[in-house]
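Enquirer: Once you've had a glance at the structure underneath, I'll fire off some questions.
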Amino acid sequence: MHSLSKALFFLSILLFANFAKAQLCSGTFGQPLISQTFGQGNNTDSWYGPLEQYAPGASTYTTFVGPPGVSPRNLTANQSGLVKTPATPGNPYPIYWQPHADHTGDPNGLMLLIDGIATRTVFFEQRMDNLCPNTTLRLSIWVLNTNSPAANAQNPNMILRITDPNNNILGEKPTENVPADGTWHQYSVDFSNSNSPTVILQLINNTPTNSGNDFALDDITVQACGPAIAPFFNTNASLLNMCEGNTSNFILDANITAGYTNAFYQWQENTGSGWADIVGKTTKQAAIDFSDRIAGTYQYRLITAMNGNIDRTYCRAVSEPIEVTVNPLPTAKAENSGEVCIGGTIRLNASGGTSYKWYGPDGQFLSAEKNPTITNATKAMEGIYTVQVAANGCTSPATTTVEVFEPVIPITNIQNATICEGQSVQLEVSGGSAYLWHPSKGLSDPQIPNPIAAPTETTTYTVQVSNYSCTTYAQITVNVNKNVVANAGADQTIVTGQSTILNGKVSGDDFTYFWTPSDYLDDPTKLSPIATPTEDITYTLHASSNLGCNSSSDEVFIKVYPKVVIPNTFTPNGDNVNDMWNIPSITSFPNSIVKVTNRYGQLVYQSTGTFKAWDGKMNGKDLPPAIYYYSIYLNKDFKTYTGWVMLMR
């Protein structure tokens, strides 16, 4: 074996020995004491620096490229820089570098990008202060091989070394080859810092070539290692999920692995507002007073640390929480659909839970339904119904009272009644506590048991008789006999010698009728007799009810005019014979209008009002013999007469 190969072999043996020796923690880790993220970028810049600004305490022994404003940059061997991604399309990075966000996936998160290092040397240091003394610690770092798998390049390989300020090695561990798989890989080393609160992380290149030895670093953390803590309740597990009002005390305990030689303890409680120390509970086993707790989730955990570190949040071991649940009692509610009549249906309703158990009066009814129904109700089913409402293993009772009533038996004073139109009758019903009549028309009050009914026509009244929720119906019919109404018709006019028919009408129920006087009537017992009076006369139609209702009478007047005879010749020659054109019967028409015109339509004579005979003159002068034309208006009952008259001398 060559001397170089032997050296590498023994170095590997030494490193693996140190690696095995470095795995010091077998318990749990607290929150990070150190968290180096390399800072945050923005949406515009590509390169960032100086390094100390973004990573306090960090140093790189490669050539650092920066600051902002000088971009784009292309790293070469043994150079480094703070960037958001190893490669961005459009910038002149090597095409085989893989673009990738920082370890957390933040597109603006920064990482330290390092180009190939060819010598086995420290290329990065991170000083870490204020660590927990006398504590086992774990340092972790995330590494990304920025090469593409297609590049077939040498994978990065480095050693994680922890020293004290005096360069004494506290722990170290190789990463082996970081695969080019496009993902971040975490590497860690455990160490004990004795009494020193300050340590230094050194990253040592372990790859003998710079070809492909390209990688990024991110998120360096240090966590305190403590013993594994498994808290538990020293009580029946079923008691840890309880109901309000049933809370009880219990004991907290924990199984703790070896880790601290002089351990201190503190139990904490979280009731929803964050973790708080439980005063006085500083032993591994602690009794908790849990009486009268309100509903909610109560978490408990044990923290432990070396002597002097119990108050340092990042220097103590913290267990996973265990919890007690106090479930609220369900808000139970029970109802029923109201009063029920015998033979009706009882409907029960419950709410407030996920399951229900009903119990009836004297244990006669059981049901697991939420809203059960009971048909054919009897008086024995009346009483208090109780439901146990359950939710989350807790129960609450609720009650509702069911009333069952006897059926309603209505009694009416009459079933039928007969009245004349305009009269009234009293209706009456009993057997309930509430009443409602329908229809309401013709009733004095439809909501009383004894309304006065005065319908105008035959009506059947239905009354709803109720006693609480029990309801039934009864009916009373009121027959209405219509009053007799006589109508003799409109007044008429005739001329002497003419006849007319009287237009009598009678309405109502069961009646008789006749006319008076019977003079000039062909039959006074007919509704429409023929009348032939010779002079003005008034006839009266009499109608009588045969049912004892109101009778009636009505009159009609017949006006009898004389027959009008109009002469067609007269001789106004002074011999006192037919000297005037006279119309004898026109005197019966005091508002007559008589006009005479010659053949040219010229008015030669007019008489208005009481007729004056015409003497054959116009304006006092004799008119020549001729045929003249007349128009005679008597009144509205007669048409206008027209014709001619011969004037002769």
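By convention here, the chains of the structure tokens are called A, B, ... in the order presented, each chain's residues are numbered starting at 1, and ligands are numbered starting at 1 in the order presented.
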Wanna dump the stretch 212-277 of chain A-stretch 315-338 of chain A contacts at 10 Å for me, each residue with its shortest atom pair and the distance in Å to one decimal, counting only C-alpha atoms, ordered by chain and number, as JSON lines?

Expert:
```
{"residue": "A:Gln223", "atom": "CA", "partner": "A:Cys315", "partner_atom": "CA", "distance": 8.1}
{"residue": "A:Ala224", "atom": "CA", "partner": "A:Cys315", "partner_atom": "CA", "distance": 5.6}
{"residue": "A:Cys225", "atom": "CA", "partner": "A:Ala317", "partner_atom": "CA", "distance": 6.9}
{"residue": "A:Gly226", "atom": "CA", "partner": "A:Ala317", "partner_atom": "CA", "distance": 4.8}
{"residue": "A:Pro227", "atom": "CA", "partner": "A:Ala317", "partner_atom": "CA", "distance": 6.7}
{"residue": "A:Ala228", "atom": "CA", "partner": "A:Ser319", "partner_atom": "CA", "distance": 7.5}
{"residue": "A:Ile229", "atom": "CA", "partner": "A:Ser319", "partner_atom": "CA", "distance": 5.2}
{"residue": "A:Ala230", "atom": "CA", "partner": "A:Ser319", "partner_atom": "CA", "distance": 6.5}
{"residue": "A:Pro231", "atom": "CA", "partner": "A:Ile322", "partner_atom": "CA", "distance": 6.9}
{"residue": "A:Phe232", "atom": "CA", "partner": "A:Ile322", "partner_atom": "CA", "distance": 6.9}
{"residue": "A:Phe233", "atom": "CA", "partner": "A:Ile322", "partner_atom": "CA", "distance": 8.2}
{"residue": "A:Ala237", "atom": "CA", "partner": "A:Val324", "partner_atom": "CA", "distance": 9.6}
{"residue": "A:Leu239", "atom": "CA", "partner": "A:Val324", "partner_atom": "CA", "distance": 8.4}
{"residue": "A:Leu240", "atom": "CA", "partner": "A:Val324", "partner_atom": "CA", "distance": 4.9}
{"residue": "A:Asn241", "atom": "CA", "partner": "A:Thr325", "partner_atom": "CA", "distance": 4.8}
{"residue": "A:Met242", "atom": "CA", "partner": "A:Val326", "partner_atom": "CA", "distance": 5.0}
{"residue": "A:Cys243", "atom": "CA", "partner": "A:Asn327", "partner_atom": "CA", "distance": 4.7}
{"residue": "A:Glu244", "atom": "CA", "partner": "A:Pro328", "partner_atom": "CA", "distance": 5.6}
{"residue": "A:Gly245", "atom": "CA", "partner": "A:Leu329", "partner_atom": "CA", "distance": 8.5}
{"residue": "A:Asn246", "atom": "CA", "partner": "A:Val326", "partner_atom": "CA", "distance": 8.8}
{"residue": "A:Thr247", "atom": "CA", "partner": "A:Val326", "partner_atom": "CA", "distance": 7.6}
{"residue": "A:Leu252", "atom": "CA", "partner": "A:Ile322", "partner_atom": "CA", "distance": 9.6}
{"residue": "A:Ala254", "atom": "CA", "partner": "A:Ser319", "partner_atom": "CA", "distance": 9.1}
{"residue": "A:Ile256", "atom": "CA", "partner": "A:Ser319", "partner_atom": "CA", "distance": 9.6}
{"residue": "A:Gly259", "atom": "CA", "partner": "A:Ala317", "partner_atom": "CA", "distance": 9.9}
{"residue": "A:Tyr260", "atom": "CA", "partner": "A:Ala317", "partner_atom": "CA", "distance": 10.0}
{"residue": "A:Ala263", "atom": "CA", "partner": "A:Arg316", "partner_atom": "CA", "distance": 9.8}
{"residue": "A:Phe264", "atom": "CA", "partner": "A:Arg316", "partner_atom": "CA", "distance": 9.4}
{"residue": "A:Tyr265", "atom": "CA", "partner": "A:Arg316", "partner_atom": "CA", "distance": 9.6}
{"residue": "A:Gln266", "atom": "CA", "partner": "A:Val318", "partner_atom": "CA", "distance": 9.7}
{"residue": "A:Trp267", "atom": "CA", "partner": "A:Val318", "partner_atom": "CA", "distance": 9.8}
{"residue": "A:Gln268", "atom": "CA", "partner": "A:Pro321", "partner_atom": "CA", "distance": 9.4}
{"residue": "A:Glu269", "atom": "CA", "partner": "A:Pro321", "partner_atom": "CA", "distance": 9.1}
{"residue": "A:Asn270", "atom": "CA", "partner": "A:Glu323", "partner_atom": "CA", "distance": 9.1}
{"residue": "A:Thr271", "atom": "CA", "partner": "A:Glu323", "partner_atom": "CA", "distance": 9.8}
```

Enquirer: Could you name the residues that touch A:Asn249 at 9 Å or less, counting only C-alpha atoms, but leaving out those on the same chain fewer than 2 positions away, as a list in words?

Expert: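 With the cut-off at 9 Å, the set is Thr247, Ile251, Ala287, Ile288, Asp289, Phe290 and Ser291 of chain A.
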
Enquirer: Which residues are near stretch 339-348 of chain A? Cut-off 9 Å, only C-alpha atoms, ignore same chain within fewer than 4 positions. Put them as a PyMOL selection string.

Expert: chain A and resi 334-335+370-379+381+385+400+402-408+468-471

Enquirer: Generate a file of the selected residues that holds N, CA, C and O atoms, formatted as a CSV table (one decimal), in the first residue's frame.

Expert:
```
chain,number,residue,atom,x,y,z
A,334,ALA,N,-85.6,20.1,26.1
A,334,ALA,CA,-86.8,19.2,25.8
A,334,ALA,C,-88.0,20.0,25.6
A,334,ALA,O,-88.3,20.9,26.4
A,335,GLU,N,-88.8,19.6,24.6
A,335,GLU,CA,-90.0,20.3,24.3
A,335,GLU,C,-91.1,19.3,23.8
A,335,GLU,O,-90.7,18.1,23.5
A,370,LYS,N,-84.3,11.0,18.9
A,370,LYS,CA,-84.2,12.4,19.2
A,370,LYS,C,-85.5,13.1,19.4
A,370,LYS,O,-85.8,13.8,20.3
A,371,ASN,N,-86.4,12.8,18.4
A,371,ASN,CA,-87.7,13.4,18.4
A,371,ASN,C,-88.8,12.3,18.2
A,371,ASN,O,-89.4,12.2,17.1
A,372,PRO,N,-89.1,11.6,19.3
A,372,PRO,CA,-90.0,10.5,19.1
A,372,PRO,C,-91.5,11.0,19.1
A,372,PRO,O,-91.8,12.1,19.5
A,373,THR,N,-92.4,10.2,18.5
A,373,THR,CA,-93.8,10.5,18.5
A,373,THR,C,-94.6,9.3,19.2
A,373,THR,O,-94.1,8.2,19.1
A,374,ILE,N,-95.7,9.7,19.8
A,374,ILE,CA,-96.5,8.7,20.5
A,374,ILE,C,-97.9,8.9,20.0
A,374,ILE,O,-98.5,9.9,20.2
A,375,THR,N,-98.5,7.9,19.3
A,375,THR,CA,-99.8,8.0,18.7
A,375,THR,C,-100.9,7.5,19.7
A,375,THR,O,-100.6,6.8,20.7
A,376,ASN,N,-102.1,7.8,19.4
A,376,ASN,CA,-103.3,7.3,20.2
A,376,ASN,C,-103.1,7.7,21.6
A,376,ASN,O,-103.1,6.8,22.5
A,377,ALA,N,-102.9,9.0,21.9
A,377,ALA,CA,-102.7,9.4,23.3
A,377,ALA,C,-103.8,9.1,24.2
A,377,ALA,O,-105.0,9.2,23.8
A,378,THR,N,-103.5,8.7,25.4
A,378,THR,CA,-104.5,8.4,26.4
A,378,THR,C,-104.2,9.4,27.6
A,378,THR,O,-103.1,10.0,27.7
A,379,LYS,N,-105.1,9.4,28.5
A,379,LYS,CA,-105.0,10.2,29.7
A,379,LYS,C,-103.8,9.7,30.6
A,379,LYS,O,-103.1,10.5,31.2
A,381,MET,N,-101.0,8.8,29.5
A,381,MET,CA,-99.7,9.3,29.0
A,381,MET,C,-99.4,10.7,29.4
A,381,MET,O,-98.3,11.2,29.0
A,385,TYR,N,-92.0,14.1,31.0
A,385,TYR,CA,-91.1,13.3,30.1
A,385,TYR,C,-89.7,13.8,30.3
A,385,TYR,O,-89.4,15.0,30.2
A,400,THR,N,-89.9,17.9,30.0
A,400,THR,CA,-91.1,18.6,29.4
A,400,THR,C,-92.3,17.9,29.9
A,400,THR,O,-92.4,16.7,30.1
A,402,VAL,N,-96.3,17.0,29.4
A,402,VAL,CA,-97.3,16.7,28.3
A,402,VAL,C,-98.7,16.7,29.0
A,402,VAL,O,-98.9,16.0,30.0
A,403,GLU,N,-99.6,17.4,28.4
A,403,GLU,CA,-101.0,17.4,28.9
A,403,GLU,C,-101.9,16.8,27.9
A,403,GLU,O,-101.8,17.1,26.7
A,404,VAL,N,-102.7,15.9,28.3
A,404,VAL,CA,-103.7,15.2,27.5
A,404,VAL,C,-105.1,15.5,27.9
A,404,VAL,O,-105.4,15.3,29.1
A,405,PHE,N,-105.9,16.1,27.0
A,405,PHE,CA,-107.3,16.6,27.4
A,405,PHE,C,-108.4,15.7,26.8
A,405,PHE,O,-108.2,15.0,25.8
A,406,GLU,N,-109.5,15.7,27.5
A,406,GLU,CA,-110.7,15.0,27.1
A,406,GLU,C,-111.1,15.6,25.8
A,406,GLU,O,-111.0,16.8,25.5
A,407,PRO,N,-111.8,14.8,24.9
A,407,PRO,CA,-112.3,15.4,23.6
A,407,PRO,C,-113.4,16.3,23.9
A,407,PRO,O,-114.2,16.2,24.9
A,408,VAL,N,-113.6,17.2,22.9
A,408,VAL,CA,-114.7,18.2,23.0
A,408,VAL,C,-116.0,17.7,22.5
A,408,VAL,O,-116.0,17.0,21.4
A,468,TYR,N,-108.4,24.0,24.8
A,468,TYR,CA,-107.0,23.9,24.7
A,468,TYR,C,-106.7,23.5,23.2
A,468,TYR,O,-107.1,24.1,22.3
A,469,SER,N,-106.0,22.3,23.0
A,469,SER,CA,-105.7,22.0,21.6
A,469,SER,C,-106.8,21.0,21.0
A,469,SER,O,-106.7,20.6,19.9
A,470,CYS,N,-107.8,20.7,21.8
A,470,CYS,CA,-108.8,19.8,21.3
A,470,CYS,C,-109.9,20.6,20.6
A,470,CYS,O,-110.4,21.6,21.2
A,471,THR,N,-110.2,20.2,19.4
A,471,THR,CA,-111.1,20.9,18.6
A,471,THR,C,-112.1,20.0,17.9
A,471,THR,O,-111.7,18.9,17.5
```

Enquirer: What is the atom CA of A:Ser544-atom CA of A:Thr456 distance in Å, reported with one decimal?

Expert: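 Distance reported for this atom pair: 19.5 Å.
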
Enquirer: Tell me which protein, DNA and RNA residues are within 7 Å of A:Thr460, counting only C-alpha atoms, leaving out same-chain ones fewer than 4 positions away, and put them as a PDB file with C-alpha atoms, in the first residue's frame.

Expert:
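Printed below is around36.pdb as written:
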```
ATOM      1  CA  GLN A 475    -123.390  23.376  12.499  1.00  0.00           C
ATOM      2  CA  ILE A 476    -126.605  25.423  12.657  1.00  0.00           C
ATOM      3  CA  THR A 477    -128.611  26.345   9.549  1.00  0.00           C
ATOM      4  CA  VAL A 478    -130.595  29.588   9.508  1.00  0.00           C
TER       5      VAL A 478
END
```

Enquirer: Neighbours of A:Ser196 within 9 Å (only C-alpha atoms; same-chain residues fewer than 3 positions away dropped), as a PyMOL selection string?

Expert: chain A and resi 130-134+164-165+193+199

Enquirer: For A:Phe215, list every protein, DNA or RNA residue within 6 Å, evaluated using only C-alpha atoms, and leave out those in the same chain fewer than 4 positions away; present the list as a PDB file with C-alpha atoms, in the first residue's frame.

Expert:
```
ATOM      1  CA  ILE A 114     -19.007  28.337  -2.556  1.00  0.00           C
ATOM      2  CA  LEU A 144     -26.901  21.675  -1.149  1.00  0.00           C
ATOM      3  CA  ASN A 145     -24.799  20.133  -3.932  1.00  0.00           C
ATOM      4  CA  THR A 146     -25.384  22.738  -6.627  1.00  0.00           C
TER       5      THR A 146
END
```

Enquirer: Taking the chain letters and numbering used in this document, name the residues of stretch 32-273 of chain A that DSSP puts in alpha helix (DSSP H), as a PyMOL selection string.

Expert: chain A and resi 51-54

Enquirer: Neighbours of A:Val83 within 7 Å (only C-alpha atoms; same-chain residues fewer than 2 positions away dropped), as a ChimeraX atom specification?

Expert: /A:46-48,81,85-86,110-113

Enquirer: If you keep N, CA, C and O atoms, can you produce a file of those selected residues as a short mmCIF file (atom, residue, chain, number, x, y, z; two decimals), in the first residue's frame?

Expert:
```cif
data_model
loop_
_atom_site.label_atom_id
_atom_site.label_comp_id
_atom_site.auth_asym_id
_atom_site.auth_seq_id
_atom_site.Cartn_x
_atom_site.Cartn_y
_atom_site.Cartn_z
N SER A 46 -29.08 40.63 -6.78
CA SER A 46 -28.63 39.26 -7.03
C SER A 46 -27.55 38.82 -6.04
O SER A 46 -27.51 37.67 -5.62
N TRP A 47 -26.66 39.73 -5.66
CA TRP A 47 -25.55 39.42 -4.75
C TRP A 47 -25.65 40.29 -3.51
O TRP A 47 -26.11 41.43 -3.57
N TYR A 48 -25.18 39.76 -2.38
CA TYR A 48 -25.34 40.46 -1.12
C TYR A 48 -24.03 40.38 -0.33
O TYR A 48 -23.27 39.41 -0.44
N GLY A 81 -20.03 33.68 -2.23
CA GLY A 81 -20.89 34.85 -2.25
C GLY A 81 -22.27 34.52 -1.69
O GLY A 81 -22.69 33.35 -1.67
N THR A 85 -30.30 32.25 -5.17
CA THR A 85 -30.31 30.94 -5.83
C THR A 85 -28.93 30.71 -6.43
O THR A 85 -28.26 31.66 -6.85
N PRO A 86 -28.49 29.44 -6.50
CA PRO A 86 -27.18 29.18 -7.12
C PRO A 86 -27.14 29.61 -8.57
O PRO A 86 -26.10 30.01 -9.07
N LEU A 110 -31.42 33.91 1.76
CA LEU A 110 -30.03 33.88 1.28
C LEU A 110 -29.32 32.60 1.71
O LEU A 110 -29.69 31.98 2.70
N MET A 111 -28.31 32.23 0.94
CA MET A 111 -27.44 31.08 1.25
C MET A 111 -26.02 31.48 0.88
O MET A 111 -25.79 32.40 0.07
N LEU A 112 -25.05 30.78 1.46
CA LEU A 112 -23.64 31.04 1.13
C LEU A 112 -23.24 30.05 0.04
O LEU A 112 -23.20 28.83 0.27
N LEU A 113 -22.94 30.57 -1.17
CA LEU A 113 -22.57 29.76 -2.32
C LEU A 113 -21.04 29.72 -2.43
O LEU A 113 -20.38 30.76 -2.38
#
```

Enquirer: Going by DSSP on the backbone, which residues of stretch 108-172 of chain A come out as strand (DSSP E or B)? List them as a count of residues only.

Expert: 34
